[in-house]
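Student: I'm passing along entry.cif; it holds mmCIF, C-alpha atoms.
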```
data_upload
loop_
_atom_site.label_atom_id
_atom_site.label_comp_id
_atom_site.auth_asym_id
_atom_site.auth_seq_id
_atom_site.Cartn_x
_atom_site.Cartn_y
_atom_site.Cartn_z
CA MET H 1 0.00 0.00 0.00
CA ILE H 2 1.20 3.49 -0.88
CA ARG H 3 0.14 6.24 1.46
CA TYR H 4 -0.98 9.43 -0.18
CA ASN H 5 -2.32 12.71 1.06
CA LEU H 6 -5.03 14.43 -0.96
CA GLN H 7 -4.13 17.66 0.81
CA PHE H 8 -1.02 17.70 -1.42
CA PHE H 9 -3.30 18.62 -4.32
CA ALA H 10 -5.44 21.06 -2.31
CA LYS H 11 -5.70 24.61 -3.51
CA GLU H 12 -4.99 26.42 -0.30
CA GLY H 13 -2.77 29.20 0.85
CA MET H 14 -1.64 30.79 4.08
CA GLY H 15 -4.46 30.69 6.59
CA GLY H 16 -6.77 28.13 4.99
CA GLU H 17 -8.86 27.90 1.85
CA LYS H 18 -8.79 30.68 -0.73
CA THR H 19 -12.33 32.01 -0.75
CA GLU H 20 -11.90 35.80 -1.00
CA PRO H 21 -11.61 37.78 -4.27
CA ALA H 22 -8.14 39.14 -4.99
CA THR H 23 -7.40 42.65 -3.82
CA GLN H 24 -6.33 45.37 -6.23
CA LYS H 25 -2.79 45.24 -4.83
CA LYS H 26 -2.44 41.52 -5.51
CA LEU H 27 -3.72 41.97 -9.07
CA GLU H 28 -1.23 44.77 -9.65
CA ASP H 29 1.63 42.69 -8.21
CA ALA H 30 0.62 39.72 -10.37
CA ARG H 31 0.61 41.95 -13.45
CA LYS H 32 4.11 43.17 -12.64
CA GLU H 33 5.18 39.52 -12.50
CA GLY H 34 3.63 38.92 -15.92
CA GLN H 35 0.68 36.91 -14.56
CA VAL H 36 -2.37 37.96 -16.57
CA ALA H 37 -5.50 36.32 -17.94
CA LYS H 38 -4.81 35.74 -21.61
CA SER H 39 -5.23 32.94 -24.12
CA ARG H 40 -2.44 31.91 -26.47
CA GLU H 41 -5.12 30.40 -28.69
CA ILE H 42 -6.39 33.90 -29.56
CA ALA H 43 -3.03 34.90 -31.02
CA ASN H 44 -2.63 31.51 -32.75
CA GLY H 45 -6.13 31.63 -34.24
CA LEU H 46 -5.84 35.21 -35.45
CA GLY H 47 -2.38 34.51 -36.84
CA LEU H 48 -3.59 31.51 -38.83
CA LEU H 49 -6.65 33.36 -40.09
CA ALA H 50 -4.57 36.34 -41.18
CA LEU H 51 -1.99 34.07 -42.84
CA PHE H 52 -4.53 32.26 -44.99
CA LEU H 53 -6.41 35.45 -45.82
CA ILE H 54 -3.17 37.05 -46.98
CA LEU H 55 -2.33 33.95 -49.01
CA LYS H 56 -5.82 34.00 -50.50
CA PHE H 57 -5.38 37.50 -51.91
CA TRP H 58 -1.58 37.68 -52.12
CA VAL H 59 -0.65 34.21 -53.31
CA GLY H 60 -1.12 35.10 -56.99
CA SER H 61 1.20 38.07 -56.82
CA MET H 62 3.59 36.11 -54.61
CA GLY H 63 3.68 33.25 -57.08
CA ILE H 64 4.45 35.57 -59.96
CA ARG H 65 7.26 37.26 -58.05
CA MET H 66 8.66 33.89 -56.99
CA MET H 67 8.62 32.78 -60.62
CA GLU H 68 10.59 35.91 -61.42
CA VAL H 69 13.12 35.15 -58.68
CA PHE H 70 13.74 31.54 -59.75
CA PRO H 71 15.43 32.44 -63.08
CA GLY H 72 17.73 34.77 -61.19
CA ILE H 73 18.57 31.96 -58.76
CA TYR H 74 19.26 29.55 -61.60
CA ASN H 75 21.43 32.10 -63.37
CA LYS H 76 23.51 32.51 -60.19
CA ILE H 77 24.19 28.77 -59.84
CA PRO H 78 27.32 28.89 -62.06
CA ASP H 79 28.63 31.74 -59.93
CA VAL H 80 28.06 29.73 -56.78
CA VAL H 81 29.84 26.71 -58.28
CA THR H 82 32.71 28.96 -59.25
CA PHE H 83 32.86 30.25 -55.67
CA TRP H 84 33.06 26.77 -54.21
CA HIS H 85 35.97 25.99 -56.59
CA GLY H 86 37.79 29.03 -55.34
CA GLU H 87 37.63 30.92 -58.65
CA MET H 88 35.28 33.66 -57.41
CA PRO H 89 36.17 36.39 -54.89
CA GLN H 90 34.45 36.05 -51.53
CA THR H 91 33.04 39.59 -51.67
CA ASP H 92 31.27 38.89 -54.96
CA ALA H 93 29.84 35.64 -53.57
CA GLY H 94 28.51 37.52 -50.53
CA VAL H 95 26.73 39.97 -52.82
CA VAL H 96 25.11 37.09 -54.70
CA PHE H 97 23.81 35.38 -51.54
CA ARG H 98 22.59 38.63 -50.01
CA GLN H 99 20.71 39.48 -53.17
CA LEU H 100 18.99 36.09 -53.24
CA ILE H 101 17.99 36.32 -49.56
CA LEU H 102 16.80 39.91 -50.01
CA ASN H 103 14.57 38.95 -52.93
CA VAL H 104 12.90 36.15 -50.95
CA LEU H 105 12.49 38.30 -47.80
CA THR H 106 10.91 41.09 -49.85
CA ILE H 107 8.25 38.68 -51.04
CA ILE H 108 7.40 37.18 -47.66
CA ALA H 109 7.90 40.41 -45.65
CA PRO H 110 4.18 41.38 -45.66
CA ILE H 111 3.26 37.99 -44.17
CA LEU H 112 5.89 38.28 -41.44
CA ALA H 113 4.96 41.89 -40.63
CA ILE H 114 1.22 41.21 -40.43
CA GLY H 115 1.81 38.08 -38.34
CA PHE H 116 3.90 40.05 -35.84
CA LEU H 117 1.35 42.88 -35.75
CA ILE H 118 -1.55 40.51 -35.10
CA ALA H 119 0.32 38.68 -32.33
CA PHE H 120 1.17 42.03 -30.71
CA LEU H 121 -2.36 43.44 -30.98
CA SER H 122 -3.98 40.24 -29.68
CA ASP H 123 -1.95 40.49 -26.47
CA VAL H 124 -2.59 44.23 -26.11
CA VAL H 125 -6.35 43.78 -26.55
CA GLN H 126 -6.42 40.99 -23.95
CA VAL H 127 -4.23 42.46 -21.21
CA LYS H 128 -3.57 46.10 -22.27
CA TRP H 129 -0.10 47.57 -22.68
CA HIS H 130 2.08 46.85 -19.67
CA PRO H 131 5.48 45.40 -20.68
CA THR H 132 7.58 43.56 -18.09
CA LEU H 133 10.75 41.47 -18.22
CA LYS H 134 10.11 39.53 -15.01
CA PRO H 135 8.63 36.45 -16.76
CA LEU H 136 12.00 36.07 -18.53
CA MET H 137 13.92 35.95 -15.26
CA PRO H 138 14.98 32.43 -14.19
CA LYS H 139 13.05 30.92 -11.28
CA PHE H 140 14.63 27.96 -9.53
CA SER H 141 11.28 27.13 -7.92
CA LYS H 142 10.15 25.84 -11.31
CA LEU H 143 12.74 23.07 -11.02
CA ASN H 144 10.95 21.60 -8.00
CA PRO H 145 9.89 18.03 -9.01
CA LEU H 146 6.97 18.05 -6.56
CA GLN H 147 5.50 21.10 -8.26
CA GLY H 148 6.00 19.38 -11.62
CA VAL H 149 4.09 16.30 -10.46
CA LYS H 150 1.36 18.49 -9.06
CA LYS H 151 0.97 20.23 -12.43
CA LEU H 152 0.74 16.89 -14.26
CA PHE H 153 -2.34 15.95 -12.25
CA SER H 154 -3.92 19.40 -12.11
CA VAL H 155 -7.18 20.60 -13.61
CA ASN H 156 -5.20 22.85 -15.94
CA ALA H 157 -3.33 19.84 -17.39
CA LEU H 158 -6.65 18.08 -18.00
CA VAL H 159 -8.06 21.15 -19.74
CA GLU H 160 -4.95 21.44 -21.95
CA LEU H 161 -5.33 17.77 -22.92
CA ILE H 162 -8.98 18.29 -23.80
CA LYS H 163 -8.06 21.37 -25.85
CA SER H 164 -5.41 19.44 -27.79
CA ILE H 165 -7.82 16.59 -28.55
CA ALA H 166 -10.50 19.10 -29.56
CA LYS H 167 -8.11 20.89 -31.92
CA ILE H 168 -7.02 17.66 -33.60
CA ALA H 169 -10.60 16.45 -33.94
CA LEU H 170 -11.64 19.84 -35.30
CA ILE H 171 -8.90 19.88 -37.94
CA VAL H 172 -9.63 16.28 -39.02
CA TYR H 173 -13.37 16.95 -39.30
CA ILE H 174 -12.99 20.16 -41.30
CA CYS H 175 -10.41 18.60 -43.61
CA TYR H 176 -12.66 15.62 -44.25
CA THR H 177 -15.86 17.61 -44.89
CA TYR H 178 -14.07 20.04 -47.21
CA LEU H 179 -11.77 17.68 -49.14
CA LYS H 180 -14.32 14.95 -49.80
CA ASP H 181 -15.69 17.07 -52.66
CA LYS H 182 -12.25 18.23 -53.84
CA TRP H 183 -10.53 14.87 -54.42
CA VAL H 184 -11.60 14.85 -58.07
CA TYR H 185 -9.78 18.11 -58.75
CA LEU H 186 -6.69 17.12 -56.77
CA LEU H 187 -6.36 13.74 -58.50
CA ASN H 188 -6.52 15.44 -61.91
CA LEU H 189 -3.66 17.87 -61.18
CA TYR H 190 -1.33 15.73 -63.30
CA ASP H 191 -3.55 16.31 -66.34
CA VAL H 192 -3.45 20.14 -66.26
CA GLY H 193 -0.74 22.71 -66.77
CA LEU H 194 1.68 23.80 -64.06
CA MET H 195 0.16 27.22 -63.42
CA GLN H 196 -3.38 25.86 -63.38
CA ALA H 197 -2.34 23.10 -60.97
CA LEU H 198 -0.68 25.64 -58.69
CA ASN H 199 -3.79 27.82 -58.72
CA ILE H 200 -6.04 24.86 -57.85
CA ALA H 201 -3.72 23.72 -55.04
CA ALA H 202 -3.42 27.26 -53.67
CA ASP H 203 -7.22 27.72 -53.67
CA VAL H 204 -7.76 24.42 -51.87
CA VAL H 205 -5.08 25.11 -49.26
CA THR H 206 -6.17 28.70 -48.55
CA ASP H 207 -9.90 27.92 -48.43
CA LEU H 208 -9.27 24.98 -46.12
CA GLY H 209 -6.97 27.08 -43.94
CA ILE H 210 -9.54 29.88 -43.65
CA ARG H 211 -12.23 27.41 -42.59
CA ILE H 212 -9.97 25.80 -40.00
CA SER H 213 -8.88 29.22 -38.65
CA ALA H 214 -12.44 30.55 -38.42
CA ILE H 215 -13.65 27.51 -36.45
CA TYR H 216 -10.44 27.57 -34.43
CA MET H 217 -11.30 31.13 -33.28
CA ILE H 218 -14.45 29.78 -31.61
CA LEU H 219 -12.27 27.41 -29.60
CA ALA H 220 -9.90 30.31 -28.85
CA LEU H 221 -12.72 32.51 -27.52
CA ALA H 222 -13.89 29.66 -25.28
CA ASP H 223 -10.33 29.25 -24.03
CA PHE H 224 -10.10 33.00 -23.35
CA ALA H 225 -13.25 32.83 -21.20
CA TYR H 226 -11.78 29.83 -19.37
CA GLN H 227 -8.48 31.64 -18.78
CA LYS H 228 -10.38 34.61 -17.30
CA ILE H 229 -12.25 32.37 -14.87
CA LYS H 230 -9.11 30.37 -14.05
CA PHE H 231 -7.07 33.52 -13.38
CA LYS H 232 -9.79 34.91 -11.13
CA ASN H 233 -9.86 31.67 -9.11
CA ASP H 234 -6.05 31.42 -8.98
CA MET H 235 -5.82 34.98 -7.63
CA LYS H 236 -8.27 34.33 -4.78
CA MET H 237 -6.91 34.89 -1.30
CA THR H 238 -7.50 33.54 2.17
CA LYS H 239 -8.84 35.77 4.91
CA GLN H 240 -5.43 35.60 6.60
CA GLU H 241 -3.66 36.77 3.44
CA ILE H 242 -5.98 39.77 3.22
CA LYS H 243 -5.26 40.62 6.86
CA GLU H 244 -1.51 40.35 6.28
CA GLU H 245 -1.73 42.55 3.21
CA TYR H 246 -3.74 45.12 5.12
CA LYS H 247 -1.11 45.12 7.86
CA GLN H 248 1.63 45.71 5.30
CA GLN H 249 -0.25 48.60 3.71
CA GLU H 250 -1.87 50.22 6.71
CA GLY H 251 0.20 48.88 9.58
CA ASP H 252 -0.72 46.47 12.37
CA PRO H 253 -4.06 47.62 13.93
CA GLN H 254 -2.79 46.75 17.39
CA ILE H 255 0.34 48.85 16.90
CA LYS H 256 -1.70 51.71 15.45
CA GLY H 257 -4.06 51.46 18.45
CA LYS H 258 -1.13 51.67 20.86
CA ILE H 259 0.25 54.67 18.97
CA ARG H 260 -3.11 56.43 19.16
CA GLN H 261 -3.33 55.60 22.86
CA ARG H 262 0.12 57.04 23.55
CA MET H 263 -0.67 60.16 21.53
CA SER H 264 -3.90 60.57 23.46
CA GLU H 265 -2.05 60.17 26.75
CA ALA H 266 0.59 62.71 25.71
CA SER H 267 -2.13 65.17 24.67
CA ARG H 268 -3.90 64.62 27.97
CA ARG H 269 -0.69 65.30 29.94
CA ARG H 270 -0.13 68.54 28.05
CA MET H 271 -3.74 69.49 28.69
CA MET H 272 -3.36 68.91 32.42
CA GLN H 273 -0.13 70.92 32.45
CA ASP H 274 -1.92 73.87 30.85
CA LEU H 275 -4.99 73.59 33.04
CA PRO H 276 -3.63 75.77 35.92
CA LYS H 277 -3.54 78.70 33.43
CA ALA H 278 -7.33 78.60 32.98
CA ASP H 279 -9.59 81.46 34.09
CA VAL H 280 -12.68 79.31 34.67
CA VAL H 281 -13.93 75.72 34.42
CA ILE H 282 -17.48 75.36 33.14
CA THR H 283 -19.22 72.14 34.22
CA ASN H 284 -22.33 70.06 33.58
CA PRO H 285 -21.82 69.62 36.67
CA THR H 286 -21.02 65.87 36.78
CA HIS H 287 -20.49 64.69 33.20
CA TYR H 288 -18.58 67.47 31.43
CA ALA H 289 -15.93 70.00 32.32
CA VAL H 290 -14.41 72.64 29.98
CA ALA H 291 -11.55 74.96 30.98
CA ILE H 292 -11.47 78.43 29.39
CA LYS H 293 -8.53 80.88 29.13
CA TYR H 294 -8.90 84.44 27.85
CA ASP H 295 -5.85 86.58 27.05
CA PRO H 296 -6.58 89.59 24.81
CA GLU H 297 -2.88 89.85 23.92
CA VAL H 298 -2.82 86.27 22.56
CA ALA H 299 -6.25 85.90 20.92
CA ASP H 300 -9.36 87.94 20.34
CA ALA H 301 -11.62 85.23 21.78
CA PRO H 302 -11.42 82.86 24.77
CA ILE H 303 -9.56 79.57 24.16
CA VAL H 304 -10.55 76.09 25.34
CA ILE H 305 -7.38 74.71 26.93
CA ALA H 306 -8.87 71.53 28.47
CA LYS H 307 -12.02 69.48 28.41
CA GLY H 308 -13.13 66.07 29.61
CA GLU H 309 -16.01 63.73 30.33
CA ASP H 310 -16.88 61.72 33.45
CA TYR H 311 -13.61 60.64 35.13
CA LEU H 312 -11.53 63.16 33.22
CA ALA H 313 -14.07 65.89 34.04
CA ALA H 314 -13.75 65.03 37.73
CA ARG H 315 -9.96 65.19 37.41
CA ILE H 316 -10.16 68.63 35.72
CA LYS H 317 -12.34 69.95 38.57
CA GLU H 318 -9.95 68.49 41.13
CA ILE H 319 -6.96 70.25 39.57
CA ALA H 320 -9.04 73.44 39.31
CA ARG H 321 -9.73 73.38 43.06
CA GLU H 322 -6.06 72.74 43.78
CA ASN H 323 -5.12 75.83 41.74
CA LYS H 324 -8.05 77.92 43.07
CA ILE H 325 -9.69 78.22 39.64
CA GLU H 326 -13.36 79.16 39.70
CA ILE H 327 -15.79 76.35 38.75
CA VAL H 328 -19.06 77.56 37.24
CA GLU H 329 -22.02 75.29 36.58
CA ASN H 330 -23.73 75.91 33.23
CA LYS H 331 -25.14 72.73 31.71
CA PRO H 332 -26.11 73.98 28.20
CA LEU H 333 -22.87 75.91 27.75
CA ALA H 334 -20.72 73.02 29.00
CA ARG H 335 -22.36 70.61 26.54
CA MET H 336 -22.02 73.03 23.62
CA LEU H 337 -18.34 73.74 24.31
CA TYR H 338 -17.48 70.06 24.82
CA ALA H 339 -19.24 68.94 21.63
CA ASN H 340 -18.20 71.76 19.27
CA VAL H 341 -14.83 73.18 20.34
CA ASP H 342 -11.57 71.22 20.33
CA ILE H 343 -8.68 71.84 22.68
CA GLY H 344 -6.66 74.83 21.52
CA GLN H 345 -9.52 76.32 19.50
CA ALA H 346 -11.25 79.63 20.11
CA VAL H 347 -14.83 79.83 21.26
CA PRO H 348 -17.17 80.30 18.24
CA PRO H 349 -18.91 83.68 17.83
CA GLU H 350 -22.35 82.24 18.63
CA LEU H 351 -21.12 81.40 22.14
CA TYR H 352 -19.34 84.72 22.79
CA GLN H 353 -22.23 86.16 24.81
CA ALA H 354 -22.63 83.11 27.09
CA VAL H 355 -18.87 82.76 27.70
CA ALA H 356 -18.50 86.51 28.27
CA GLU H 357 -21.16 86.43 30.97
CA VAL H 358 -19.36 83.57 32.75
CA LEU H 359 -15.99 85.37 32.55
CA ALA H 360 -17.54 88.60 33.79
CA PHE H 361 -19.01 86.74 36.76
CA VAL H 362 -15.61 85.17 37.55
CA TYR H 363 -13.72 88.44 37.16
CA HIS H 364 -16.25 90.12 39.47
CA LEU H 365 -15.67 87.42 42.11
CA GLN H 366 -11.90 87.91 41.80
CA GLY H 367 -12.22 91.69 42.00
CA LYS H 368 -10.76 92.28 38.57
CA ILE H 369 -13.75 94.33 37.45
#
```
Using the file provided, produce a representation of the structure as structure tokens.
Tutor:
Amino acid sequence: MIRYNLQFFAKEGMGGEKTEPATQKKLEDARKEGQVAKSREIANGLGLLALFLILKFWVGSMGIRMMEVFPGIYNKIPDVVTFWHGEMPQTDAGVVFRQLILNVLTIIAPILAIGFLIAFLSDVVQVKWHPTLKPLMPKFSKLNPLQGVKKLFSVNALVELIKSIAKIALIVYICYTYLKDKWVYLLNLYDVGLMQALNIAADVVTDLGIRISAIYMILALADFAYQKIKFKNDMKMTKQEIKEEYKQQEGDPQIKGKIRQRMSEASRRRMMQDLPKADVVITNPTHYAVAIKYDPEVADAPIVIAKGEDYLAARIKEIARENKIEIVENKPLARMLYANVDIGQAVPPELYQAVAEVLAFVYHLQGKI
């Protein structure tokens, strides 16, 4: 008996099963690595279709130009023989070979250019323009035999096998249905002239190629839809991965909470240090306490230098008593100041009158007015 573990083939990541849609950051990182949802069959299908369409309309002109090149090639054969016998200078031989190659490339250049353009545009249409060299970088992880075995028995390998069988079956079926009515013409090629035979063969090949390419595009579109779904599933994340990514982007929530707590404590200490400078503390009387300071040389309006609720309000009143600061009970004013004015801010104009009355009362008690 051979022990095996089905978990080896499980599609899981850090923190359990991948059930969450990929975040924008993961999609962007995957794109930088060259991982995108695209189908090679789209480029192959379009390339084949373009090739046979070009041959359909260009093969006549191409054949004529090739026929014009052949006499030139034949005429150069004596020169080539002379070169091999050492009777022809090497520079002249190079000119001959370059001329022959240039003539052939000039004829097939449109096919090569259009093929490259279609392959380029098919990728741009599928995944937009975002070039990267990272897929070309060597990855030693790909040499892992366990990963290779895992890929052999994966769903993707099964789909690729089905695609290959479907393509072969498709080509055989189309060839059979098209050629079964063309065998008479093909078997009679020996009875017609060379140019007529070439025209018949070219028509059969191009028409058959166009039919195969057109049907092949249907398979390519289905493969493109499959690649989209597969990429979306492959990019899924576990809940733990999302949490880790959030921590990397935003920082650990616990650390951020501690930082906020320390900042709040530091602000509270500064507030308590400034509290003895207050002119008056306005209270609720039990829930809220707001300390006011008015210095005409510093600001045109009174400033809230401390405020607190419940325990902190009690602490503010305690420090106020220790520093002999007047405590005035005014419930509506205390609530308004606590809710609408932050520490260090001036009292808003709509509360000038109420705060002025409190300050006037305090100054009267202190004998300042």
Student: When the PyMOL selection byres ((chain H and resi 51) around 9) is applied to the structure above, which residues does it catch, written out as a list of chain:residue names?
Tutor: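 The output of the PyMOL selection byres ((chain H and resi 51) around 9) on this file is H:Leu46, H:Gly47, H:Leu48, H:Leu49, H:Ala50, H:Phe52, H:Leu53, H:Ile54, H:Leu55, H:Lys56, H:Ile111, H:Ile114, H:Gly115, H:Thr206, H:Gly209, H:Ile210.
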Student: Find the residue from H:Val159, H:Ala266, H:Ile343, H:Ala214 that sits nearest to Gln227 (chain H); use all atoms listed in the file when measuring.
Tutor: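 Looking at the shortest contact to Gln227 (chain H), the residue is H:Val159.
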Student: In Å to one decimal, how far is CA of Ala339 (chain H) from CA of Arg270 (chain H)?
Tutor: 20.2 Å
Student: What is the CA of Ala22 (chain H) to CA of Lys236 (chain H) distance in Å?
Tutor: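 Rounded to one decimal, the two atoms are 4.8 Å apart.
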Student: Just how far from CA of Leu102 (chain H) is CA of Arg65 (chain H), in Å to one decimal?
Tutor: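 Between these atoms lies a distance of 12.8 Å.
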